[in-house]
Structures are given as C-alpha cells and as structure tokens.
$ cat input_3.cif   # mmCIF, C-alpha atoms
data_protein
loop_
_atom_site.label_atom_id
_atom_site.label_comp_id
_atom_site.auth_asym_id
_atom_site.auth_seq_id
_atom_site.Cartn_x
_atom_site.Cartn_y
_atom_site.Cartn_z
CA MET A 1 27.56 34.91 -42.30
CA LYS A 2 27.41 37.99 -40.14
CA LYS A 3 26.51 37.56 -36.49
CA LYS A 4 23.27 39.57 -36.78
CA GLN A 5 22.15 37.58 -39.82
CA LYS A 6 22.90 34.31 -38.07
CA GLN A 7 20.91 35.36 -34.99
CA LYS A 8 17.99 36.47 -37.14
CA LEU A 9 17.98 33.10 -38.89
CA LEU A 10 18.05 31.24 -35.57
CA ASN A 11 15.17 33.31 -34.27
CA GLN A 12 13.08 32.41 -37.30
CA PHE A 13 13.45 28.72 -36.50
CA ARG A 14 12.91 29.13 -32.78
CA LEU A 15 9.56 27.83 -31.57
CA SER A 16 7.11 30.40 -30.29
CA PHE A 17 6.33 30.45 -26.57
CA GLU A 18 2.92 28.87 -27.21
CA ASN A 19 4.34 26.13 -29.46
CA THR A 20 7.02 25.36 -26.87
CA ARG A 21 4.40 25.04 -24.15
CA GLN A 22 2.34 22.71 -26.36
CA GLN A 23 5.47 20.65 -27.05
CA LEU A 24 5.94 20.21 -23.30
CA PHE A 25 2.28 19.23 -22.85
CA ARG A 26 2.54 16.55 -25.59
CA THR A 27 5.80 15.26 -24.11
CA LEU A 28 4.15 14.87 -20.70
CA GLU A 29 1.31 12.88 -22.28
CA GLU A 30 3.73 10.59 -24.10
CA LYS A 31 5.93 9.97 -21.06
CA ALA A 32 2.95 9.27 -18.80
CA ASN A 33 1.78 6.59 -21.22
CA GLU A 34 5.25 5.15 -21.83
CA LEU A 35 6.50 5.06 -18.23
CA TYR A 36 3.31 4.66 -16.19
CA ASP A 37 0.64 3.49 -18.64
CA LEU A 38 -1.36 6.61 -17.78
CA GLU A 39 -3.52 8.09 -20.53
CA ILE A 40 -3.65 11.77 -19.69
CA GLY A 41 -4.50 14.99 -21.49
CA VAL A 42 -2.62 18.19 -20.68
CA ARG A 43 -3.94 21.63 -21.62
CA LEU A 44 -4.41 25.17 -20.41
CA ASN A 45 -7.49 25.90 -18.36
CA PRO A 46 -9.77 27.74 -20.84
CA LYS A 47 -11.21 29.73 -17.94
CA ASN A 48 -7.85 30.60 -16.37
CA ALA A 49 -4.70 30.91 -18.48
CA LYS A 50 -2.59 30.69 -15.32
CA GLU A 51 -3.62 27.08 -14.68
CA MET A 52 -2.65 23.82 -16.36
CA LEU A 53 -5.24 21.04 -16.40
CA ILE A 54 -4.07 17.41 -16.36
CA GLU A 55 -6.95 15.03 -17.04
CA ASN A 56 -7.04 11.29 -16.45
CA SER A 57 -10.23 9.98 -18.06
CA LYS A 58 -9.83 6.55 -16.44
CA ALA A 59 -9.55 7.85 -12.88
CA THR A 60 -12.63 7.12 -10.78
CA GLU A 61 -11.69 9.79 -8.23
CA ASN A 62 -10.19 13.24 -8.83
CA PRO A 63 -9.87 12.83 -12.63
CA VAL A 64 -8.56 16.38 -13.10
CA LEU A 65 -5.40 17.76 -11.52
CA THR A 66 -5.10 21.56 -11.58
CA VAL A 67 -1.56 22.96 -11.50
CA PRO A 68 -0.88 26.70 -11.18
CA ILE A 69 1.37 28.22 -13.84
CA ASP A 70 3.65 30.56 -11.93
CA ASP A 71 6.77 32.53 -12.82
CA SER A 72 8.98 29.47 -12.31
CA PHE A 73 6.98 27.46 -14.85
CA THR A 74 7.09 30.34 -17.31
CA THR A 75 10.86 30.53 -16.90
CA ILE A 76 11.13 26.84 -17.75
CA ILE A 77 9.14 27.38 -20.95
CA LYS A 78 11.46 30.22 -21.95
CA ARG A 79 14.50 28.02 -21.32
CA LEU A 80 12.91 25.28 -23.43
CA GLN A 81 12.20 27.84 -26.13
CA LYS A 82 15.95 28.52 -26.30
CA LYS A 83 16.48 24.75 -26.73
CA GLU A 84 18.55 24.37 -23.59
CA ALA A 85 20.29 21.01 -23.90
CA GLY A 86 18.64 18.16 -21.96
CA LEU A 87 16.09 20.34 -20.19
CA LEU A 88 12.98 18.97 -21.90
CA GLU A 89 13.92 15.38 -21.05
CA GLN A 90 14.85 16.17 -17.45
CA PHE A 91 11.91 18.41 -16.62
CA SER A 92 9.25 16.29 -18.36
CA THR A 93 10.51 13.09 -16.71
CA ASN A 94 10.45 14.63 -13.21
CA LEU A 95 7.06 16.26 -13.70
CA THR A 96 5.56 13.09 -15.17
CA GLN A 97 6.69 11.20 -12.08
CA GLU A 98 4.86 13.65 -9.82
CA ILE A 99 1.75 13.42 -12.00
CA ALA A 100 1.80 9.62 -11.80
CA ASN A 101 2.28 9.74 -8.04
CA TYR A 102 -0.90 11.80 -7.73
CA TRP A 103 -3.08 8.99 -9.09
CA TYR A 104 -1.15 6.04 -7.67
CA HIS A 105 -1.12 7.64 -4.23
CA PRO A 106 -3.69 10.48 -4.21
CA VAL A 107 -2.65 13.61 -2.32
CA LYS A 108 -4.19 17.02 -1.87
CA ALA A 109 -3.97 19.21 -4.95
CA GLU A 110 -2.15 21.88 -2.93
CA GLU A 111 0.61 19.40 -2.05
CA THR A 112 1.03 18.35 -5.67
CA ALA A 113 1.16 21.95 -6.85
CA THR A 114 3.99 22.65 -4.42
CA THR A 115 5.89 19.61 -5.64
CA VAL A 116 5.47 20.65 -9.28
CA GLU A 117 6.80 24.09 -8.41
CA GLU A 118 9.89 22.45 -6.91
CA VAL A 119 10.39 20.54 -10.15
CA ALA A 120 9.98 23.74 -12.14
CA THR A 121 12.80 25.38 -10.19
CA ALA A 122 15.19 22.47 -10.77
CA PRO A 123 18.80 23.31 -11.72
CA LYS A 124 19.79 23.48 -15.37
CA ALA A 125 20.18 20.21 -17.24
CA GLU A 126 23.93 19.94 -16.72
CA LYS A 127 23.35 19.79 -12.96
CA GLU A 128 21.98 16.85 -11.03
CA ALA A 129 18.32 16.11 -11.78
CA VAL A 130 15.66 16.33 -9.09
CA ALA A 131 15.74 13.09 -7.15
CA PRO A 132 12.49 11.11 -6.96
CA LYS A 133 10.74 11.52 -3.66
CA GLU A 134 10.20 8.32 -1.72
CA THR A 135 7.40 7.83 0.78
CA PRO A 136 8.93 6.96 4.17
CA VAL A 137 8.09 3.45 5.27
CA LYS A 138 7.88 2.87 9.00
CA GLU A 139 9.59 -0.27 10.26
CA ASP A 140 6.43 -1.45 11.97
CA ALA A 141 4.40 -1.05 8.75
CA LYS A 142 6.02 -3.83 6.73
CA ALA A 143 3.16 -6.24 7.18
CA VAL A 144 0.82 -6.22 4.19
CA GLU A 145 -2.51 -7.94 4.65
CA THR A 146 -4.66 -9.45 1.90
CA THR A 147 -8.19 -10.82 1.85
CA THR A 148 -6.85 -14.37 1.99
CA ASP A 149 -5.80 -16.35 5.05
CA ALA A 150 -4.15 -13.78 7.34
CA SER A 151 -1.52 -16.21 8.57
CA ALA A 152 -0.14 -16.51 5.03
CA ALA A 153 -0.44 -12.93 3.90
CA THR A 154 2.15 -10.91 5.84
CA VAL A 155 5.42 -9.72 4.37
CA GLU A 156 7.25 -10.46 7.60
CA GLY A 157 6.20 -14.13 7.53
CA GLU A 158 5.76 -16.80 4.90
CA MET A 159 3.52 -16.18 1.90
CA THR A 160 1.54 -18.57 -0.24
CA TYR A 161 1.03 -18.19 -3.98
CA ALA A 162 -2.65 -17.52 -3.37
CA ALA A 163 -1.91 -14.72 -0.90
CA PHE A 164 0.70 -13.22 -3.22
CA ASP A 165 -1.63 -13.31 -6.21
CA GLU A 166 -4.40 -11.62 -4.22
CA ALA A 167 -2.05 -8.91 -2.96
CA ILE A 168 -0.69 -8.13 -6.44
CA LYS A 169 -4.21 -7.83 -7.86
CA GLY A 170 -4.71 -4.99 -5.40
CA PHE A 171 -2.56 -2.77 -7.62
CA PRO A 172 -4.24 -1.31 -10.74
CA LYS A 173 -3.68 -3.52 -13.83
CA PHE A 174 -1.21 -5.79 -12.02
CA PHE A 175 -1.57 -9.59 -12.17
CA THR A 176 0.51 -12.76 -11.81
CA GLU A 177 1.22 -15.80 -13.97
CA LYS A 178 2.83 -19.05 -12.83
CA ASP A 179 4.57 -21.78 -14.82
CA ASP A 180 7.00 -24.61 -14.00
CA THR A 181 9.95 -22.31 -13.33
CA THR A 182 8.72 -18.87 -12.31
CA VAL A 183 5.97 -16.69 -10.96
CA SER A 184 5.72 -13.56 -13.09
CA VAL A 185 4.33 -10.21 -12.03
CA LYS A 186 2.91 -8.34 -15.01
CA GLU A 187 0.99 -5.19 -15.85
CA LYS A 188 -1.72 -4.92 -18.48
CA THR A 189 -1.08 -2.13 -20.97
CA ALA A 190 -2.80 -1.01 -24.14
CA LYS A 191 -0.12 -2.62 -26.33
CA GLU A 192 0.96 -5.77 -24.47
CA ASP A 193 1.44 -7.24 -21.01
CA ARG A 194 4.50 -5.66 -19.38
CA LEU A 195 6.82 -7.88 -17.29
CA LEU A 196 7.62 -6.31 -13.92
CA ALA A 197 9.30 -9.11 -11.96
CA THR A 198 9.91 -12.86 -11.79
CA ILE A 199 10.27 -15.18 -8.78
CA SER A 200 11.80 -18.64 -9.01
CA VAL A 201 9.58 -21.58 -8.05
CA THR A 202 12.54 -23.96 -7.88
CA GLU A 203 14.98 -21.98 -5.70
CA VAL A 204 14.39 -20.02 -2.51
CA GLY A 205 15.51 -16.39 -2.56
CA GLN A 206 15.79 -16.11 -6.34
CA PHE A 207 13.89 -13.22 -7.97
CA GLU A 208 14.46 -10.45 -10.49
CA ILE A 209 13.01 -6.94 -10.58
CA GLU A 210 12.60 -5.44 -14.07
CA LYS A 211 13.32 -1.79 -14.89
CA ALA A 212 9.62 -1.28 -15.63
CA LEU A 213 8.88 -1.82 -11.92
CA GLU A 214 11.92 0.15 -10.74
CA ARG A 215 10.55 3.20 -12.57
CA LYS A 216 7.31 3.06 -10.58
CA TYR A 217 8.85 4.94 -7.69
CA LYS A 218 5.90 4.85 -5.30
CA VAL A 219 4.36 1.49 -6.19
CA LYS A 220 7.62 -0.42 -6.01
CA THR A 221 7.97 0.34 -2.28
CA GLU A 222 4.86 -1.78 -1.72
CA VAL A 223 5.25 -4.43 -4.43
CA ILE A 224 8.91 -5.36 -3.96
CA PRO A 225 8.47 -6.38 -0.27
CA LEU A 226 5.72 -8.77 -1.41
CA ILE A 227 8.03 -10.25 -4.05
CA GLU A 228 10.81 -10.67 -1.50
CA ALA A 229 8.42 -12.33 0.96
CA LEU A 230 7.31 -14.94 -1.58
CA ALA A 231 10.88 -15.53 -2.75
CA GLN A 232 12.09 -16.15 0.82
CA THR A 233 9.23 -18.53 1.66
CA PRO A 234 10.31 -22.22 1.62
CA LEU A 235 9.04 -23.97 -1.53
CA ALA A 236 6.99 -26.46 0.45
CA ASN A 237 5.15 -23.69 2.28
CA ARG A 238 4.11 -21.66 -0.74
#

$ encode --input "input_3.cif" --output "structure tokens"
Amino acid sequence: MKKKQKQKLLNQFRLSFENTRQQLFRTLEEKANELYDLEIGVRLNPKNAKEMLIENSKATENPVLTVPIDDSFTTIIKRLQKKEAGLLEQFSTNLTQEIANYWYHPVKAEETATTVEEVATAPKAEKEAVAPKETPVKEDAKAVETTTDASAATVEGEMTYAAFDEAIKGFPKFFTEKDDTTVSVKEKTAKEDRLLATISVTEVGQFEIEKALERKYKVKTEVIPLIEALAQTPLANR
C-alpha cells in the first residue's frame, strides 16, 4: 500500500476533534466514579465554547466547576486525536484527581483552573506523569478533634473506638465496622461498600491501608493519622 493511501485510510479512522473531546469528557466521568465515587457530568458551556463545565449534582456547595479551555487544553485534544500512546490515561487520571480535590477540599475556582492548566501542559506520556499535589501539614496541626470526649480524640494521644468512629464519620460516605479481630474503615458506594483500611483489635500497631484509600490523595492525609492513632493505642484504653 502506497504511503499516501495508507495515510488517507488512517485519517478516515481518526476521531474528529469534537468526538475526541467527548471521549475525554466521558473518560473523566468514568474515572471520577471509579476512583473517587464522584458522579459528575462534563460538557461544554453552551453559552461559552471556551469553557468546560463539570457538574456534581450531589454537591451541596459549588456544584458546578467552570474550567477555561485554553490553547494548552486544545493542544492536548489534538494529541489525543492522533492517538498518542498513554496520553488519555495519564491526562484523564491527573485531571480527575484535581476535580476530586475541588469537592473534597473546596478551593477557589481560579486556583483550580490554574492547576488544570498545569495538568494540560504535562509532558508527553513517555515522560514522568504529573505528581499529585499534597497539602502541606504543619507539625503542630496533627491533633484532630471530634465531638466526643476531647481527651480521647486527639491523634497525638490515645484514641477510643467511639472517638475514632465519630472522626471517620466526618468524611463523606465513610464509616466503620468492628468485629472480633478488626476495625474496618469503609466507604459507601453505589455498587458496594469499599474497604479502605483495617486495624487489628488484638495487636497494638497492626493496621493495613488499602489502595482505595491511598488513591484519595487529599483525604488520606487526614484519615491515615487517625488510623495510626487508634492502632497505637493500648488495647485496654480503646
């Protein structure tokens, strides 16, 4: 097959710019649900074609995130249109993380837009992916209070089961279950309860963090210290 004929055939199968953009939107929706249990809708702003609207129908505050579509974003779509290896997975994963961070830890829309632009200008897929941004935690901010007895509710000190349970319930859809061997931290999802971590009730210092919690980049910085505090508390004092 001649080179020109081959190229013509490839072009016929190449997705249009609009179809490629829609493919990205659907991928963002799927990843948000799969990784963060977020039910979002992604679409163009019908009143401004240079804006992307990300809607979270379950959010009580700021249910719509508006993201400007700049030249960097357009370049990404064109690279996706050419089926650049690994780019869709890399870019959608990074952008989904930033979207999830917006509702787990609300920030100003301008700040989120800047972050999304940074993701859009990420290196090509064969280079290192954009690293997840962690929120700095001050050393003097480790104590986490709950509505239970204050003496039992700090991460720096001992923690009772009651205090731990109350603290975990402070995170959307999180809850705990306790049996003869472990305390489990779980998350309610549309399909089934998702296991996030387990803490031994028979041995001090024994706990396990599941990948489902590790992927929640912002939330884990608050939840894991609580898990560690309970795990390190002597059995008799829990």

$ closest_atom_pairs --input "input_3.cif" --of "segment 76-100 of chain A" --to "segment 67-70 of chain A" --cutoff "12 Å" --atoms "all atoms listed in the file" --output "CSV"
residue,atom,partner,partner_atom,distance
A:Ile76,CA,A:Asp70,CA,10.2
A:Ile77,CA,A:Ile69,CA,10.6
A:Leu95,CA,A:Val67,CA,11.1
A:Glu98,CA,A:Val67,CA,11.4
A:Ile99,CA,A:Val67,CA,10.1

$ residues_around --input "input_3.cif" --residues "segment 19-30 of chain A" --least-positions-apart "6" --cutoff "8 Å" --atoms "only C-alpha atoms" --output "ChimeraX atom specification"
/A:39-43,77,80-81,88,92-93,95-96

$ resolve_selection --input "input_3.cif" --expression "the PyMOL selection byres ((chain A and resi 178-180) around 12)" --output "ChimeraX atom specification"
/A:161-162,164-165,175-177,181-186,197-203

$ closest_residue --input "input_3.cif" --among "A:Asn45, A:Asn94, A:Thr160, A:Thr60" --to "Ala236 of chain A" --atoms "all atoms listed in the file"
A:Thr160

$ atom_distance --input "input_3.cif" --atom1 "atom CA of Leu35 of chain A" --atom2 "atom CA of Ser16 of chain A"
28.1 Å

$ resolve_selection --input "input_3.cif" --expression "the PyMOL selection byres ((chain A and resi 204) around 7)" --output "list in words"
Thr202, Glu203, Gly205, Gln206, Ala231, Gln232, Thr233, Pro234 and Leu235 of chain A

$ atom_distance --input "input_3.cif" --atom1 "atom CA of Leu226 of chain A" --atom2 "atom CA of Glu166 of chain A"
10.9 Å

$ atom_distance --input "input_3.cif" --atom1 "atom CA of Leu65 of chain A" --atom2 "atom CA of Arg215 of chain A"
21.6 Å

$ closest_residue --input "input_3.cif" --among "A:Trp103, A:Phe91, A:Phe207, A:Phe73" --to "Lys58 of chain A" --atoms "all atoms listed in the file"
A:Trp103

$ closest_residue --input "input_3.cif" --among "A:Ala167, A:Glu84, A:Tyr104, A:Leu213" --to "Glu61 of chain A" --atoms "all atoms listed in the file"
A:Tyr104

$ axis_aligned_box --input "input_3.cif" --around "segment 200-211 of chain A" --padding-each-side "8 Å" --output "JSON"
{"center_x": 12.7, "center_y": -12.9, "center_z": -8.7, "size_x": 22.2, "size_y": 38.2, "size_z": 28.4}

$ closest_residue --input "input_3.cif" --among "A:Ile168, A:Ala212, A:Leu38, A:Leu87" --to "Arg194 of chain A" --atoms "all atoms listed in the file"
A:Ala212

$ closest_residue --input "input_3.cif" --among "A:Tyr102, A:Phe171, A:Glu222, A:Lys188" --to "Pro63 of chain A" --atoms "only C-alpha atoms"
A:Tyr102

$ closest_residue --input "input_3.cif" --among "A:Asn237, A:Thr189, A:Thr66, A:Asn48" --to "Asn33 of chain A" --atoms "all atoms listed in the file"
A:Thr189

$ decode --input "input_3.cif" --residues "segment 55-80 of chain A" --atoms "C-alpha atoms" --output "tab-separated table (two decimals), in the first residue's frame"
chain	number	residue	atom	x	y	z
A	55	GLU	CA	-21.19	19.35	37.43
A	56	ASN	CA	-21.56	17.43	40.67
A	57	SER	CA	-25.29	17.04	41.31
A	58	LYS	CA	-24.71	15.75	44.86
A	59	ALA	CA	-22.60	18.70	45.98
A	60	THR	CA	-24.40	20.99	48.43
A	61	GLU	CA	-21.98	23.85	47.75
A	62	ASN	CA	-20.42	24.93	44.46
A	63	PRO	CA	-21.99	22.11	42.39
A	64	VAL	CA	-20.53	23.43	39.12
A	65	LEU	CA	-16.83	23.86	38.40
A	66	THR	CA	-16.01	26.06	35.40
A	67	VAL	CA	-12.69	25.37	33.68
A	68	PRO	CA	-11.37	27.60	30.88
A	69	ILE	CA	-10.44	25.83	27.64
A	70	ASP	CA	-7.20	27.48	26.58
A	71	ASP	CA	-4.60	26.72	23.90
A	72	SER	CA	-2.91	24.14	26.13
A	73	PHE	CA	-6.14	22.18	26.52
A	74	THR	CA	-6.77	22.35	22.78
A	75	THR	CA	-3.26	21.02	22.15
A	76	ILE	CA	-3.99	18.05	24.40
A	77	ILE	CA	-7.14	17.25	22.42
A	78	LYS	CA	-5.16	17.34	19.18
A	79	ARG	CA	-2.56	14.99	20.66
A	80	LEU	CA	-5.35	12.66	21.78
